[in-house]
>>> print(open('run_18.tsv').read())   # TSV, C-alpha atoms
chain	number	residue	atom	x	y	z
A	1	MET	CA	0.00	0.00	0.00
A	2	LYS	CA	2.92	2.37	0.65
A	3	GLY	CA	3.91	2.22	-3.05
A	4	ASP	CA	0.33	2.94	-4.14
A	5	LYS	CA	0.23	6.16	-2.10
A	6	SER	CA	3.50	7.40	-3.58
A	7	LEU	CA	1.97	7.09	-7.06
A	8	LEU	CA	-1.22	8.87	-6.03
A	9	LEU	CA	0.57	12.10	-5.16
A	10	PRO	CA	1.75	12.87	-8.75
A	11	ILE	CA	-1.57	11.64	-10.18
A	12	MET	CA	-3.51	13.97	-7.86
A	13	ALA	CA	-1.22	16.87	-8.82
A	14	VAL	CA	-1.93	16.31	-12.55
A	15	ILE	CA	-5.68	16.06	-11.94
A	16	LEU	CA	-5.55	19.23	-9.84
A	17	MET	CA	-3.70	21.12	-12.61
A	18	MET	CA	-6.15	19.94	-15.31
A	19	TRP	CA	-9.16	20.78	-13.14
A	20	GLY	CA	-7.63	24.14	-12.24
A	21	SER	CA	-7.48	25.19	-15.89
A	22	SER	CA	-11.23	24.65	-16.31
A	23	VAL	CA	-11.82	26.60	-13.10
A	24	GLN	CA	-9.85	29.52	-14.53
A	25	ALA	CA	-11.93	29.38	-17.70
A	26	ARG	CA	-14.93	30.23	-15.50
A	27	ASP	CA	-13.01	33.26	-14.11
A	28	TYR	CA	-12.57	31.70	-10.69
A	29	THR	CA	-8.92	32.60	-11.06
A	30	VAL	CA	-6.60	31.10	-8.50
A	31	ASN	CA	-3.68	33.53	-8.24
A	32	GLU	CA	-1.37	31.14	-6.43
A	33	LEU	CA	-1.21	27.62	-5.10
A	34	ILE	CA	-0.83	27.74	-1.30
A	35	SER	CA	1.32	24.93	0.04
A	36	LEU	CA	1.28	24.10	3.75
A	37	SER	CA	3.56	21.81	5.70
A	38	VAL	CA	2.65	20.47	9.13
A	39	GLY	CA	2.67	23.27	11.71
A	40	GLU	CA	2.53	26.03	9.09
A	41	SER	CA	-0.01	28.84	8.77
A	42	GLN	CA	-0.51	31.27	5.86
A	43	GLN	CA	-2.74	34.30	5.53
A	44	ARG	CA	-3.93	36.22	2.46
A	45	GLU	CA	-5.75	39.53	2.19
A	46	PHE	CA	-8.01	40.22	-0.79
A	47	LEU	CA	-10.94	42.32	-2.00
A	48	VAL	CA	-14.37	41.25	-3.22
A	49	TYR	CA	-15.86	43.91	-5.47
A	50	ASP	CA	-19.55	43.07	-5.61
A	51	VAL	CA	-22.37	40.83	-4.39
A	52	LEU	CA	-22.54	37.37	-5.97
A	53	ASP	CA	-24.65	37.26	-9.12
A	54	PRO	CA	-26.39	33.82	-9.02
A	55	ALA	CA	-26.86	33.71	-12.79
A	56	GLU	CA	-23.20	34.41	-13.52
A	57	ARG	CA	-21.86	32.74	-10.36
A	58	GLU	CA	-19.36	35.54	-9.81
A	59	PRO	CA	-17.47	37.36	-8.35
A	60	VAL	CA	-15.81	34.62	-6.33
A	61	GLU	CA	-12.29	34.83	-4.95
A	62	ALA	CA	-10.85	31.30	-5.19
A	63	PHE	CA	-8.05	29.55	-3.31
A	64	ILE	CA	-6.38	26.15	-3.54
A	65	ALA	CA	-4.39	25.02	-0.50
A	66	LEU	CA	-2.27	21.87	-0.45
A	67	ALA	CA	-1.70	20.04	2.84
A	68	ILE	CA	1.56	18.14	2.69
A	69	GLY	CA	2.73	15.72	5.34
A	70	SER	CA	5.11	12.77	5.38
A	71	GLU	CA	5.08	9.16	6.49
A	72	GLU	CA	6.82	10.24	9.71
A	73	GLU	CA	4.59	13.27	10.29
A	74	PRO	CA	1.26	13.05	8.43
A	75	ALA	CA	-0.89	16.14	7.97
A	76	GLY	CA	-3.67	16.41	10.53
A	77	THR	CA	-6.34	19.10	10.51
A	78	LEU	CA	-6.43	21.87	7.91
A	79	SER	CA	-8.18	24.89	9.43
A	80	ILE	CA	-9.65	27.72	7.36
A	81	GLY	CA	-10.65	31.09	8.75
A	82	LEU	CA	-12.40	33.84	6.76
A	83	SER	CA	-13.13	37.32	8.06
A	84	ALA	CA	-14.46	40.48	6.45
A	85	ASP	CA	-13.81	44.04	7.50
A	86	PRO	CA	-16.00	46.26	5.29
A	87	GLU	CA	-16.72	49.93	5.90
A	88	LEU	CA	-20.23	49.82	7.36
A	89	ALA	CA	-22.55	52.74	8.00
A	90	PHE	CA	-24.87	52.59	11.01
A	91	GLY	CA	-27.28	49.69	10.54
A	92	GLY	CA	-25.30	48.22	7.63
A	93	TYR	CA	-24.41	44.56	7.41
A	94	MET	CA	-22.90	42.14	4.93
A	95	ASP	CA	-23.46	38.40	4.54
A	96	PHE	CA	-20.56	36.40	3.12
A	97	ALA	CA	-19.76	32.75	2.54
A	98	LEU	CA	-17.07	30.16	1.92
A	99	LEU	CA	-17.93	27.33	-0.46
A	100	GLY	CA	-15.77	24.53	-1.78
A	101	PHE	CA	-14.52	21.02	-1.22
A	102	GLY	CA	-11.57	19.14	0.17
A	103	PHE	CA	-9.93	15.81	-0.59
A	104	SER	CA	-7.48	13.63	1.32
A	105	LEU	CA	-5.76	10.41	0.31
A	106	ASP	CA	-6.92	8.64	3.47
A	107	ALA	CA	-9.91	10.63	4.75
A	108	GLY	CA	-11.74	11.02	1.42
A	109	GLN	CA	-13.70	14.12	0.47
A	110	VAL	CA	-15.67	16.80	2.24
A	111	VAL	CA	-17.91	19.64	1.11
A	112	ILE	CA	-17.22	23.01	2.71
A	113	SER	CA	-20.18	25.36	3.01
A	114	GLU	CA	-20.10	28.05	5.69
A	115	SER	CA	-21.59	31.53	5.98
A	116	ALA	CA	-21.53	34.47	8.38
A	117	THR	CA	-22.74	38.04	8.82
A	118	THR	CA	-20.44	40.90	9.76
A	119	PRO	CA	-18.89	41.35	12.30
A	120	PHE	CA	-18.62	37.56	12.76
A	121	SER	CA	-16.12	35.38	10.93
A	122	ILE	CA	-16.07	31.85	9.51
A	123	GLU	CA	-13.98	29.09	11.09
A	124	THR	CA	-14.02	25.60	9.61
A	125	SER	CA	-11.66	22.63	9.43
A	126	PHE	CA	-10.99	19.53	7.38
A	127	ASP	CA	-9.32	16.39	8.74
A	128	VAL	CA	-6.64	15.47	6.20
A	129	ASP	CA	-5.09	12.66	8.32
A	130	SER	CA	-2.81	11.67	5.45
A	131	ILE	CA	0.42	12.57	3.66
A	132	PHE	CA	-1.49	14.71	1.13
A	133	GLY	CA	-4.75	16.57	0.84
A	134	PHE	CA	-6.10	19.76	-0.69
A	135	VAL	CA	-8.99	22.19	-0.48
A	136	TYR	CA	-10.50	24.38	-3.16
A	137	VAL	CA	-12.62	27.16	-1.67
A	138	GLY	CA	-14.24	30.31	-2.93
A	139	ALA	CA	-15.18	33.36	-0.87
A	140	TYR	CA	-18.04	35.63	-1.90
A	141	ILE	CA	-20.51	38.24	-0.66
A	142	SER	CA	-24.03	36.81	-0.59
A	143	SER	CA	-25.91	40.00	0.35
A	144	ILE	CA	-25.56	43.50	1.78
A	145	SER	CA	-28.07	45.66	3.64
A	146	SER	CA	-27.84	48.43	1.02
A	147	SER	CA	-25.13	49.93	-1.15
A	148	ARG	CA	-25.38	53.17	0.83
A	149	ARG	CA	-24.51	51.36	4.06
A	150	VAL	CA	-21.66	49.12	2.85
A	151	ASP	CA	-18.66	50.39	0.88
A	152	LEU	CA	-17.42	48.02	-1.81
A	153	PRO	CA	-14.92	46.57	-2.51
A	154	ALA	CA	-14.88	44.78	0.84
A	155	PRO	CA	-11.56	43.68	2.36
A	156	PHE	CA	-11.29	40.04	3.45
A	157	THR	CA	-8.64	37.95	5.18
A	158	ILE	CA	-8.36	34.17	4.76
A	159	THR	CA	-6.10	32.01	6.92
A	160	PHE	CA	-5.02	28.41	6.29
A	161	ALA	CA	-3.31	26.45	9.09
A	162	LEU	CA	-2.17	22.82	9.07
A	163	ALA	CA	-1.78	20.93	12.36
A	164	ALA	CA	-0.03	17.62	12.92
A	165	GLN	CA	-2.09	14.46	12.98
A	166	GLU	CA	-3.03	13.42	16.47
A	167	ILE	CA	-1.72	9.91	16.99
A	168	GLU	CA	-3.26	7.91	19.79
A	169	ALA	CA	-0.75	6.41	22.17
A	170	PRO	CA	-0.94	2.65	22.51
A	171	PRO	CA	-2.62	1.47	25.72
A	172	VAL	CA	-0.28	0.81	28.59
A	173	GLU	CA	-0.33	-2.77	29.75
A	174	GLU	CA	-0.02	-3.41	33.47
>>> encode(input="run_18.tsv", output="structure tokens")
Amino acid sequence: MKGDKSLLLPIMAVILMMWGSSVQARDYTVNELISLSVGESQQREFLVYDVLDPAEREPVEAFIALAIGSEEEPAGTLSIGLSADPELAFGGYMDFALLGFGFSLDAGQVVISESATTPFSIETSFDVDSIFGFVYVGAYISSISSSRRVDLPAPFTITFALAAQEIEAPPVEE
């Protein structure tokens, strides 16, 4: 089985690159591939310029994050945090969301669908529990109270953090 997993990593990378090109054709441009090793955290700031148009399915700011572990130290939990800090007038609010999916060699797949209203933020996680996994997520504004009460573009911050896999200690025999 160890040899099978070593072959899956390059195969998954090729599939991810091919799938990524069709994603870019839909204007869900991924500006960079974020790679995380165990214990690492990365943060990105970005702007969303308008409310999501359901017919066009845009604007969406997309991210791909790779979780990379090793046989000695497999990747554990990949945490994702999304916060918005728009300029709000009195009584203004903004609803925003994070939508996507994740895949892990050992844990399988997961759908990510979270939403929040300002001033709250989104915190979600995905158990990779493997030597390799990835997430593809898109952040968007789902609604605003009124254009006079929320200044666009709205600044966002997304954080990806990868923790080590928690390994259970063997039971102690007496």
>>> residues_around(input="run_18.tsv", residues="Asp151 in chain A", least_positions_apart="5", cutoff="7 Å", atoms="all atoms listed in the file", output="list in words")
Pro86, Glu87 and Leu88 of chain A
>>> atom_distance(input="run_18.tsv", atom1="CA of Gly138 in chain A", atom2="CA of Gly69 in chain A")
23.9 Å
>>> atom_distance(input="run_18.tsv", atom1="CA of Ile158 in chain A", atom2="CA of Ile80 in chain A")
7.1 Å
>>> closest_residue(input="run_18.tsv", among="A:Ser79, A:Ser130, A:Ser113, A:Ser142", to="Asp95 in chain A", atoms="all atoms listed in the file")
A:Ser142
>>> atom_distance(input="run_18.tsv", atom1="CA of Thr157 in chain A", atom2="CA of Phe134 in chain A")
19.3 Å
>>> closest_residue(input="run_18.tsv", among="A:Ile131, A:Leu162, A:Ile141, A:Val30", to="Leu52 in chain A", atoms="only C-alpha atoms")
A:Ile141
>>> closest_residue(input="run_18.tsv", among="A:Gly39, A:Pro155, A:Pro119, A:Gly108", to="Ala67 in chain A", atoms="only C-alpha atoms")
A:Gly39
>>> closest_residue(input="run_18.tsv", among="A:Ile112, A:Ala161, A:Ala139, A:Val150", to="Glu58 in chain A", atoms="only C-alpha atoms")
A:Ala139
>>> residues_near_point(input="run_18.tsv", point="(2.1, 25.3, 7.0)", cutoff="10 Å", atoms="only C-alpha atoms", output="compact mmCIF listing (two decimals) with C-alpha atoms, keeping the file's coordinate frame")
# COMPACT_ATOMS: atom_id res chain seq x y z
CA ILE A 34 -0.83 27.74 -1.30
CA SER A 35 1.32 24.93 0.04
CA LEU A 36 1.28 24.10 3.75
CA SER A 37 3.56 21.81 5.70
CA VAL A 38 2.65 20.47 9.13
CA GLY A 39 2.67 23.27 11.71
CA GLU A 40 2.53 26.03 9.09
CA SER A 41 -0.01 28.84 8.77
CA GLN A 42 -0.51 31.27 5.86
CA ALA A 65 -4.39 25.02 -0.50
CA LEU A 66 -2.27 21.87 -0.45
CA ALA A 67 -1.70 20.04 2.84
CA ILE A 68 1.56 18.14 2.69
CA GLY A 69 2.73 15.72 5.34
CA ALA A 75 -0.89 16.14 7.97
CA LEU A 78 -6.43 21.87 7.91
CA PHE A 160 -5.02 28.41 6.29
CA ALA A 161 -3.31 26.45 9.09
CA LEU A 162 -2.17 22.82 9.07
CA ALA A 163 -1.78 20.93 12.36
CA ALA A 164 -0.03 17.62 12.92
>>> closest_residue(input="run_18.tsv", among="A:Phe96, A:Phe126, A:Tyr140, A:Phe156", to="Arg44 in chain A", atoms="only C-alpha atoms")
A:Phe156
>>> closest_residue(input="run_18.tsv", among="A:Glu123, A:Gly102, A:Gln165, A:Glu173", to="Glu72 in chain A", atoms="all atoms listed in the file")
A:Gln165
>>> residues_around(input="run_18.tsv", residues="Met94 in chain A", least_positions_apart="2", cutoff="6 Å", atoms="only C-alpha atoms", output="list in words")
Thr117, Thr118, Ser143 and Ile144 of chain A
>>> build_atoms(input="run_18.tsv", residues="range 95-120 of chain A", atoms="N, CA and C atoms", output="mmCIF file, in the frame of the given file")
data_model
loop_
_atom_site.group_PDB
_atom_site.id
_atom_site.type_symbol
_atom_site.label_atom_id
_atom_site.label_comp_id
_atom_site.auth_asym_id
_atom_site.auth_seq_id
_atom_site.Cartn_x
_atom_site.Cartn_y
_atom_site.Cartn_z
ATOM 1 N N ASP A 95 -23.516 39.850 4.421
ATOM 2 C CA ASP A 95 -23.460 38.400 4.540
ATOM 3 C C ASP A 95 -22.418 37.891 3.551
ATOM 4 N N PHE A 96 -21.585 36.966 3.996
ATOM 5 C CA PHE A 96 -20.560 36.400 3.120
ATOM 6 C C PHE A 96 -20.455 34.908 3.373
ATOM 7 N N ALA A 97 -19.805 34.208 2.436
ATOM 8 C CA ALA A 97 -19.760 32.750 2.540
ATOM 9 C C ALA A 97 -18.460 32.188 2.009
ATOM 10 N N LEU A 98 -18.211 30.952 2.376
ATOM 11 C CA LEU A 98 -17.070 30.160 1.920
ATOM 12 C C LEU A 98 -17.644 28.851 1.413
ATOM 13 N N LEU A 99 -17.376 28.530 0.157
ATOM 14 C CA LEU A 99 -17.930 27.330 -0.460
ATOM 15 C C LEU A 99 -16.830 26.603 -1.205
ATOM 16 N N GLY A 100 -16.787 25.291 -1.075
ATOM 17 C CA GLY A 100 -15.770 24.530 -1.780
ATOM 18 C C GLY A 100 -15.776 23.074 -1.368
ATOM 19 N N PHE A 101 -14.647 22.411 -1.600
ATOM 20 C CA PHE A 101 -14.520 21.020 -1.220
ATOM 21 C C PHE A 101 -13.073 20.710 -0.884
ATOM 22 N N GLY A 102 -12.897 19.599 -0.183
ATOM 23 C CA GLY A 102 -11.570 19.140 0.170
ATOM 24 C C GLY A 102 -11.433 17.659 -0.123
ATOM 25 N N PHE A 103 -10.200 17.226 -0.314
ATOM 26 C CA PHE A 103 -9.930 15.810 -0.590
ATOM 27 C C PHE A 103 -8.642 15.415 0.111
ATOM 28 N N SER A 104 -8.641 14.196 0.655
ATOM 29 C CA SER A 104 -7.480 13.630 1.320
ATOM 30 C C SER A 104 -7.283 12.201 0.838
ATOM 31 N N LEU A 105 -6.026 11.772 0.748
ATOM 32 C CA LEU A 105 -5.760 10.410 0.310
ATOM 33 C C LEU A 105 -6.401 9.370 1.215
ATOM 34 N N ASP A 106 -6.385 9.615 2.526
ATOM 35 C CA ASP A 106 -6.920 8.640 3.470
ATOM 36 C C ASP A 106 -8.322 8.962 3.976
ATOM 37 N N ALA A 107 -8.631 10.246 4.145
ATOM 38 C CA ALA A 107 -9.910 10.630 4.750
ATOM 39 C C ALA A 107 -11.032 10.827 3.724
ATOM 40 N N GLY A 108 -10.703 10.851 2.439
ATOM 41 C CA GLY A 108 -11.740 11.020 1.420
ATOM 42 C C GLY A 108 -12.053 12.476 1.157
ATOM 43 N N GLN A 109 -13.308 12.766 0.866
ATOM 44 C CA GLN A 109 -13.700 14.120 0.470
ATOM 45 C C GLN A 109 -14.685 14.731 1.442
ATOM 46 N N VAL A 110 -14.754 16.059 1.381
ATOM 47 C CA VAL A 110 -15.670 16.800 2.240
ATOM 48 C C VAL A 110 -16.131 18.037 1.467
ATOM 49 N N VAL A 111 -17.376 18.406 1.679
ATOM 50 C CA VAL A 111 -17.910 19.640 1.110
ATOM 51 C C VAL A 111 -17.821 20.720 2.180
ATOM 52 N N ILE A 112 -17.361 21.884 1.783
ATOM 53 C CA ILE A 112 -17.220 23.010 2.710
ATOM 54 C C ILE A 112 -18.252 24.057 2.327
ATOM 55 N N SER A 113 -19.142 24.366 3.249
ATOM 56 C CA SER A 113 -20.180 25.360 3.010
ATOM 57 C C SER A 113 -20.476 26.067 4.330
ATOM 58 N N GLU A 114 -19.943 27.272 4.468
ATOM 59 C CA GLU A 114 -20.100 28.050 5.690
ATOM 60 C C GLU A 114 -20.496 29.471 5.325
ATOM 61 N N SER A 115 -21.236 30.132 6.212
ATOM 62 C CA SER A 115 -21.590 31.530 5.980
ATOM 63 C C SER A 115 -21.613 32.286 7.300
ATOM 64 N N ALA A 116 -21.524 33.616 7.191
ATOM 65 C CA ALA A 116 -21.530 34.470 8.380
ATOM 66 C C ALA A 116 -22.018 35.857 7.994
ATOM 67 N N THR A 117 -22.347 36.634 8.995
ATOM 68 C CA THR A 117 -22.740 38.040 8.820
ATOM 69 C C THR A 117 -21.763 38.885 9.619
ATOM 70 N N THR A 118 -21.353 40.022 9.040
ATOM 71 C CA THR A 118 -20.440 40.900 9.760
ATOM 72 C C THR A 118 -21.068 41.294 11.092
ATOM 73 N N PRO A 119 -20.339 41.366 12.136
ATOM 74 C CA PRO A 119 -18.890 41.350 12.300
ATOM 75 C C PRO A 119 -18.315 39.955 12.586
ATOM 76 N N PHE A 120 -19.097 38.915 12.460
ATOM 77 C CA PHE A 120 -18.620 37.560 12.760
ATOM 78 C C PHE A 120 -17.746 37.033 11.634
#
